[in-house]
$ cat protein06.cif   # mmCIF, C-alpha atoms and all ligand atoms
data_query
#
loop_
_atom_site.label_atom_id
_atom_site.label_comp_id
_atom_site.auth_asym_id
_atom_site.auth_seq_id
_atom_site.Cartn_x
_atom_site.Cartn_y
_atom_site.Cartn_z
CA THR A 26 135.08 215.86 -2.51
CA GLY A 27 135.62 215.95 1.22
CA SER A 28 137.84 213.73 3.33
CA SER A 29 136.72 210.36 4.70
CA ARG A 30 136.46 209.38 8.37
CA PRO A 31 139.64 207.25 8.11
CA GLN A 32 141.48 210.17 6.50
CA ARG A 33 140.36 212.50 9.31
CA MET A 34 141.56 209.87 11.83
CA LEU A 35 144.97 209.78 10.11
CA LYS A 36 145.14 213.60 10.26
CA ALA A 37 144.42 213.46 14.00
CA VAL A 38 147.31 210.98 14.44
CA GLN A 39 149.72 213.14 12.40
CA LYS A 40 148.68 216.21 14.39
CA ASN A 41 148.57 214.79 17.94
CA ALA A 42 150.81 211.72 18.10
CA THR A 43 154.60 211.42 18.23
CA LYS A 44 156.21 209.63 15.28
CA GLY A 45 157.57 206.24 16.35
CA ASP A 46 155.56 206.19 19.59
CA PRO A 47 152.79 203.54 19.30
CA GLN A 48 151.12 204.49 22.60
CA SER A 49 150.72 208.11 21.45
CA VAL A 50 149.13 206.87 18.20
CA ILE A 51 146.66 204.74 20.19
CA SER A 52 145.85 207.65 22.53
CA ALA A 53 145.41 210.10 19.64
CA ILE A 54 142.92 207.78 17.91
CA ASP A 55 141.03 207.06 21.15
CA TYR A 56 140.80 210.79 21.95
CA TYR A 57 139.61 211.61 18.42
CA CYS A 58 137.01 208.82 18.34
CA ARG A 59 135.72 209.49 21.84
CA HIS A 60 135.47 213.30 21.56
CA LYS A 61 135.26 214.13 17.86
CA GLU A 62 134.04 211.31 15.63
CA TRP A 63 133.16 207.72 16.61
CA ALA A 64 134.83 204.95 14.58
CA MET A 65 134.79 201.16 14.80
CA ASN A 66 138.21 200.64 16.41
CA VAL A 67 138.33 198.00 19.15
CA GLY A 68 138.97 201.01 21.41
CA ASP A 69 140.55 201.55 24.82
CA ASP A 70 138.25 199.45 27.07
CA LYS A 71 138.35 196.29 24.96
CA GLY A 72 141.91 197.23 23.97
CA LEU A 73 143.08 196.58 27.54
CA ILE A 74 141.65 193.04 27.32
CA LEU A 75 143.31 192.57 23.91
CA ASP A 76 146.61 193.72 25.47
CA SER A 77 146.34 191.29 28.40
CA VAL A 78 145.46 188.28 26.21
CA LEU A 79 148.34 189.17 23.84
CA THR A 80 150.83 189.48 26.69
CA GLU A 81 149.70 186.06 27.98
CA VAL A 82 149.95 184.38 24.54
CA ASN A 83 153.12 186.23 23.38
CA PRO A 84 152.55 185.02 19.79
CA SER A 85 155.41 184.61 17.30
CA THR A 86 152.96 184.69 14.38
CA ALA A 87 149.66 186.55 14.69
CA LEU A 88 146.83 187.15 12.21
CA GLU A 89 144.28 189.99 12.18
CA LEU A 90 141.16 189.82 9.99
CA GLY A 91 139.84 193.31 9.23
CA THR A 92 142.57 195.95 9.56
CA TYR A 93 140.26 198.95 9.04
CA CYS A 94 142.52 201.93 10.01
CA GLY A 95 145.13 199.89 11.84
CA TYR A 96 144.25 200.81 15.44
CA SER A 97 144.23 197.20 16.69
CA THR A 98 147.14 196.42 14.36
CA VAL A 99 149.21 198.99 16.30
CA ARG A 100 147.90 197.65 19.64
CA ILE A 101 148.95 194.11 18.72
CA ALA A 102 152.26 194.91 16.96
CA ARG A 103 153.54 197.12 19.82
CA LEU A 104 153.36 194.13 22.19
CA LEU A 105 155.06 191.56 19.91
CA SER A 106 158.47 190.21 20.96
CA PRO A 107 161.43 190.92 18.62
CA GLY A 108 161.27 188.70 15.53
CA SER A 109 157.52 188.05 15.89
CA LYS A 110 155.21 188.92 12.99
CA LEU A 111 151.65 190.16 12.52
CA ILE A 112 149.81 189.61 9.26
CA THR A 113 146.73 191.82 8.87
CA VAL A 114 144.14 191.36 6.11
CA GLU A 115 142.05 194.22 4.65
CA PHE A 116 140.07 194.21 1.40
CA ASN A 117 139.14 197.91 1.17
CA PRO A 118 142.05 199.70 -0.58
CA ALA A 119 141.20 203.10 0.92
CA PHE A 120 141.18 201.68 4.46
CA ALA A 121 144.40 199.74 3.73
CA GLU A 122 146.11 202.94 2.58
CA VAL A 123 145.20 204.81 5.77
CA ALA A 124 146.19 201.80 7.90
CA ARG A 125 149.62 201.59 6.24
CA GLN A 126 150.27 205.23 7.13
CA ILE A 127 149.08 204.84 10.71
CA ILE A 128 151.17 201.66 11.21
CA ALA A 129 154.22 203.44 9.71
CA TYR A 130 153.61 206.54 11.88
CA ALA A 131 153.78 204.25 14.92
CA GLY A 132 157.08 202.87 13.59
CA LEU A 133 155.75 199.30 13.49
CA GLN A 134 155.95 198.61 9.74
CA ASP A 135 158.76 196.05 10.20
CA LYS A 136 156.56 193.86 12.43
CA VAL A 137 153.42 194.09 10.29
CA THR A 138 152.56 192.67 6.87
CA LEU A 139 149.34 194.27 5.59
CA VAL A 140 147.83 192.10 2.87
CA GLU A 141 145.12 193.61 0.68
CA GLY A 142 142.28 191.30 -0.33
CA PRO A 143 139.42 189.20 1.01
CA SER A 144 140.28 186.84 3.89
CA GLY A 145 138.56 183.93 2.12
CA ASP A 146 141.05 184.12 -0.74
CA LEU A 147 144.12 184.98 1.37
CA ILE A 148 143.87 182.45 4.22
CA PRO A 149 144.51 179.47 1.88
CA LYS A 150 147.62 181.26 0.58
CA MET A 151 149.20 182.04 3.97
CA LYS A 152 151.53 179.02 3.98
CA GLU A 153 152.81 179.37 0.41
CA ARG A 154 152.99 183.20 0.34
CA PHE A 155 154.24 184.04 3.82
CA GLY A 156 155.84 180.78 4.94
CA ILE A 157 153.39 180.56 7.84
CA LYS A 158 153.18 177.10 9.50
CA TYR A 159 150.65 178.05 12.20
CA PHE A 160 149.19 181.14 13.79
CA ASP A 161 149.57 181.37 17.57
CA PHE A 162 146.99 184.17 17.78
CA VAL A 163 144.09 185.33 15.56
CA PHE A 164 142.13 188.58 16.10
CA LEU A 165 138.75 188.52 14.32
CA ASP A 166 137.28 191.97 13.69
CA HIS A 167 135.96 191.91 10.11
CA TRP A 168 132.38 191.30 8.88
CA LYS A 169 130.69 189.48 11.75
CA ASP A 170 129.01 186.88 9.49
CA ARG A 171 132.46 185.87 8.25
CA TYR A 172 133.85 184.84 11.65
CA VAL A 173 132.54 181.24 11.36
CA PRO A 174 133.47 180.54 7.73
CA ASP A 175 136.95 182.00 8.21
CA THR A 176 137.52 180.06 11.45
CA LYS A 177 136.56 176.84 9.63
CA LEU A 178 138.87 177.85 6.76
CA LEU A 179 141.77 178.38 9.19
CA GLU A 180 141.11 174.89 10.62
CA ASP A 181 140.88 173.29 7.17
CA CYS A 182 144.10 174.99 6.00
CA GLY A 183 145.95 173.56 9.02
CA LEU A 184 146.80 177.08 10.25
CA LEU A 185 145.71 176.46 13.86
CA LYS A 186 147.70 174.36 16.30
CA LYS A 187 146.94 173.06 19.81
CA GLY A 188 146.89 176.19 21.98
CA THR A 189 146.23 178.75 19.21
CA VAL A 190 144.11 181.56 20.67
CA LEU A 191 141.27 183.15 18.68
CA LEU A 192 140.04 186.50 20.04
CA ALA A 193 136.85 187.82 18.47
CA ASP A 194 135.60 191.42 18.76
CA ASN A 195 131.93 192.45 18.88
CA VAL A 196 130.41 189.15 19.94
CA ILE A 197 127.57 191.14 21.61
CA CYS A 198 127.40 194.39 19.60
CA PRO A 199 126.85 194.25 16.64
CA GLY A 200 126.96 190.57 17.65
CA ALA A 201 128.27 187.33 16.19
CA PRO A 202 125.67 184.80 17.43
CA GLU A 203 126.57 182.01 15.02
CA TYR A 204 130.25 182.38 15.99
CA LEU A 205 129.46 182.15 19.72
CA LYS A 206 127.38 179.01 19.07
CA TYR A 207 130.17 177.53 16.98
CA VAL A 208 133.09 178.00 19.37
CA ARG A 209 131.06 177.39 22.55
CA ASN A 210 129.51 174.12 21.30
CA SER A 211 132.57 172.73 19.54
CA PRO A 212 134.67 170.16 21.48
CA ARG A 213 137.69 171.60 19.66
CA TYR A 214 137.59 174.96 21.52
CA GLU A 215 137.74 176.11 25.11
CA SER A 216 135.90 179.47 25.11
CA ARG A 217 135.57 182.37 27.54
CA TYR A 218 133.68 185.68 27.29
CA TYR A 219 135.32 188.94 28.43
CA LYS A 220 132.58 191.48 29.15
CA SER A 221 133.38 195.09 28.24
CA ASN A 222 131.89 198.10 26.43
CA LEU A 223 131.38 198.92 22.79
CA GLU A 224 134.24 201.25 21.86
CA TYR A 225 133.81 204.82 23.19
CA THR A 226 130.29 204.07 24.55
CA LYS A 227 128.49 202.65 27.62
CA VAL A 228 126.80 199.97 25.52
CA GLU A 229 127.76 196.39 26.43
CA ASP A 230 130.05 194.48 24.09
CA GLY A 231 132.75 191.92 24.69
CA LEU A 232 135.50 189.74 23.35
CA GLU A 233 135.33 185.93 23.08
CA LYS A 234 138.62 184.14 23.66
CA SER A 235 138.69 180.60 22.23
CA VAL A 236 141.66 178.23 22.62
CA PHE A 237 141.97 175.65 19.83
CA LEU A 238 142.42 172.21 21.44
CA GLY A 239 143.77 170.50 18.30
C1 LIG B 1 134.42 189.42 3.20
C2 LIG B 1 135.10 189.00 4.47
N1 LIG B 1 136.52 189.15 4.32
C3 LIG B 1 137.20 190.30 4.57
N2 LIG B 1 138.50 190.31 4.21
C4 LIG B 1 139.24 191.43 4.44
N3 LIG B 1 138.76 192.54 5.03
C5 LIG B 1 137.47 192.54 5.39
C6 LIG B 1 136.63 191.44 5.19
N4 LIG B 1 135.39 191.73 5.69
C7 LIG B 1 135.46 192.99 6.16
N5 LIG B 1 136.71 193.48 5.98
C8 LIG B 1 137.21 194.78 6.44
O1 LIG B 1 137.16 194.73 7.87
C9 LIG B 1 136.54 195.92 8.37
C10 LIG B 1 135.14 195.61 8.76
C11 LIG B 1 134.81 195.49 10.02
C12 LIG B 1 133.40 195.21 10.41
N6 LIG B 1 133.22 195.69 11.76
C13 LIG B 1 132.05 196.14 12.15
O2 LIG B 1 131.06 196.12 11.41
C14 LIG B 1 131.95 196.73 13.50
C15 LIG B 1 130.80 197.47 13.81
C16 LIG B 1 130.67 198.08 15.05
C17 LIG B 1 129.45 198.83 15.35
C18 LIG B 1 128.84 198.71 16.60
C19 LIG B 1 127.67 199.44 16.88
C20 LIG B 1 127.14 200.30 15.93
F1 LIG B 1 126.04 201.01 16.21
C21 LIG B 1 127.76 200.44 14.69
C22 LIG B 1 128.90 199.71 14.41
C23 LIG B 1 131.69 197.97 16.01
C24 LIG B 1 132.84 197.23 15.69
O3 LIG B 1 133.87 197.11 16.59
C25 LIG B 1 132.98 196.60 14.45
O4 LIG B 1 134.11 195.88 14.21
C26 LIG B 1 136.58 196.90 7.23
O5 LIG B 1 137.83 197.55 7.20
C27 LIG B 1 136.40 195.99 6.03
O6 LIG B 1 136.89 196.57 4.82
MG MG B 2 135.21 195.54 16.03
#

$ encode --input "protein06.cif" --output "structure tokens" --more "lines below"
Ligand SMILES: CCNc1ncnc2c1ncn2[C@@H]1O[C@H](/C=C/CNC(=O)c2cc(-c3ccc(F)cc3)cc(O)c2O)[C@@H](O)[C@H]1O
Ligand SMILES: [Mg+2]
Amino acid sequence: TGSSRPQRMLKAVQKNATKGDPQSVISAIDYYCRHKEWAMNVGDDKGLILDSVLTEVNPSTALELGTYCGYSTVRIARLLSPGSKLITVEFNPAFAEVARQIIAYAGLQDKVTLVEGPSGDLIPKMKERFGIKYFDFVFLDHWKDRYVPDTKLLEDCGLLKKGTVLLADNVICPGAPEYLKYVRNSPRYESRYYKSNLEYTKVEDGLEKSVFLG
């Protein structure tokens, strides 16, 4: 059987990026997905917003829901301060395997813990398994109808603290209407929408940044 889209993306990284250079991995994926084959990475336009929010928050422990091929994992991990950690959750073994190789190619494997399994099962185990007290930053980019239940689960598991920043991809396209209602109407969040474009297209999409108020 033929290769998969994630496998072709990995090949493009191995061919065009420089080992140990995260920016070259990001550029290789963006070039491939813009000119050869679209894929659902957060991409370069929204990626710049992700970068600026990350630099502002400077998290010591970050969580990503929905690794896919590891593009945003590399974007986040490359900006972490020494000693900071990113935990990324992915339940598709084939995607996880490609992501591991892309993260390693970027030389970021020491900053990233990729955990295979569904977020709903793994979030309650974060404290006991990984010694996590709180997350300072959460990037939501998995199934859009899971943003609300997983946010509530993070609250209930005591994994958010005053000031924790949630950043959600795709709140316009494909859309996460229930999530926008939840964070924008809740007194426990201060929310702001960052307008941008759907990755590699001119279609509108954006990121919602929500600060947990405790
Ligand atoms: C069951 C919920 N828990 C989960 N736990 C762990 N991993 C999960 C989970 N859900 C999904 N995943 C993984 O996250 C990824 C899923 C992401 C879903 N994203 C999208 O559907 C998406 C879709 C688009 C899009 C936009 C326009 C289109 F025309 C077509 C597609 C753009 C995006 O940026 C997207 O993020 C996969 O790797 C999947 O295996
Ligand atoms: Mg997305």

$ closest_atom_pairs --input "protein06.cif" --of "chain A" --to "ligand MG 2 (chain B)" --cutoff "8 Å" --atoms "all atoms listed in the file" --output "JSON lines"
{"residue": "A:Met65", "atom": "CA", "partner": "B:MG2", "partner_atom": "MG", "distance": 5.8}
{"residue": "A:Asn66", "atom": "CA", "partner": "B:MG2", "partner_atom": "MG", "distance": 5.9}
{"residue": "A:Val67", "atom": "CA", "partner": "B:MG2", "partner_atom": "MG", "distance": 5.1}
{"residue": "A:Asp166", "atom": "CA", "partner": "B:MG2", "partner_atom": "MG", "distance": 4.7}
{"residue": "A:His167", "atom": "CA", "partner": "B:MG2", "partner_atom": "MG", "distance": 7.0}
{"residue": "A:Asp194", "atom": "CA", "partner": "B:MG2", "partner_atom": "MG", "distance": 5.0}
{"residue": "A:Asn195", "atom": "CA", "partner": "B:MG2", "partner_atom": "MG", "distance": 5.3}

$ write_last_selection --input "protein06.cif" --atoms "C-alpha atoms" --output "mmCIF file, in the frame of the given file"
data_model
loop_
_atom_site.group_PDB
_atom_site.id
_atom_site.type_symbol
_atom_site.label_atom_id
_atom_site.label_comp_id
_atom_site.auth_asym_id
_atom_site.auth_seq_id
_atom_site.Cartn_x
_atom_site.Cartn_y
_atom_site.Cartn_z
ATOM 1 C CA MET A 65 134.790 201.160 14.800
ATOM 2 C CA ASN A 66 138.210 200.640 16.410
ATOM 3 C CA VAL A 67 138.330 198.000 19.150
ATOM 4 C CA ASP A 166 137.280 191.970 13.690
ATOM 5 C CA HIS A 167 135.960 191.910 10.110
ATOM 6 C CA ASP A 194 135.600 191.420 18.760
ATOM 7 C CA ASN A 195 131.930 192.450 18.880
#

$ residues_near_ligand --input "protein06.cif" --ligand "ligand LIG 1 (chain B)" --cutoff "9 Å" --atoms "only C-alpha atoms and all ligand atoms" --output "JSON, numbers by chain"
{"A": [64, 65, 66, 67, 68, 90, 91, 92, 93, 94, 95, 113, 114, 115, 116, 117, 118, 119, 120, 121, 140, 141, 142, 143, 144, 145, 146, 147, 165, 166, 167, 168, 169, 170, 171, 172, 175, 194, 195, 198, 199, 200, 223, 224, 228, 230]}

$ residues_near_point --input "protein06.cif" --point "(158.1, 210.7, 17.7)" --cutoff "9 Å" --atoms "all atoms listed in the file" --output "NGL selection string"
:A and (42-46 or 49 or 130-132)

$ closest_residue --input "protein06.cif" --among "A:Ser235, A:Asn210, A:Ser97, A:Ser109" --to "Pro47 in chain A" --atoms "all atoms listed in the file"
A:Ser97

$ axis_aligned_box --input "protein06.cif" --around "range 202-205 of chain A" --padding-each-side "6 Å" --output "JSON"
{"center_x": 128.0, "center_y": 183.4, "center_z": 17.4, "size_x": 16.6, "size_y": 14.8, "size_z": 16.7}

$ closest_residue --input "protein06.cif" --among "A:Cys58, A:Ile51, A:Met34, A:Val208" --to "Val173 in chain A" --atoms "all atoms listed in the file"
A:Val208

$ residues_around --input "protein06.cif" --residues "Leu133 in chain A" --least-positions-apart "3" --cutoff "10 Å" --atoms "only C-alpha atoms" --output "ChimeraX atom specification"
/A:45-47,98-99,102-103,125,127-130,136-138

$ atom_distance --input "protein06.cif" --atom1 "CA of Asp55 in chain A" --atom2 "CA of Lys227 in chain A"
14.8 Å

$ atom_distance --input "protein06.cif" --atom1 "CA of Tyr57 in chain A" --atom2 "CA of Thr226 in chain A"
13.5 Å

$ closest_residue --input "protein06.cif" --among "A:Asp135, A:Glu229, A:Glu180, A:Asp69" --to "Arg213 in chain A" --atoms "all atoms listed in the file"
A:Glu180

$ atom_distance --input "protein06.cif" --atom1 "CA of Asp70 in chain A" --atom2 "CA of Pro107 in chain A"
26.1 Å

$ residues_around --input "protein06.cif" --residues "Thr80 in chain A" --least-positions-apart "3" --cutoff "10 Å" --atoms "all atoms listed in the file" --output "number ranges by chain"
A: 74-77, 83-84, 101, 104-106

$ closest_residue --input "protein06.cif" --among "A:Leu232, A:Val78, A:Leu205, A:Ala124" --to "Tyr219 in chain A" --atoms "only C-alpha atoms"
A:Leu232

$ closest_residue --input "protein06.cif" --among "A:Ser211, A:Gln126, A:Ser52, A:Thr189" --to "Val163 in chain A" --atoms "only C-alpha atoms"
A:Thr189

$ residues_near_point --input "protein06.cif" --point "(134.6, 180.7, 26.3)" --cutoff "12 Å" --atoms "all atoms listed in the file" --output "VMD selection string"
chain A and resid 190 to 193 196 204 to 220 231 to 237
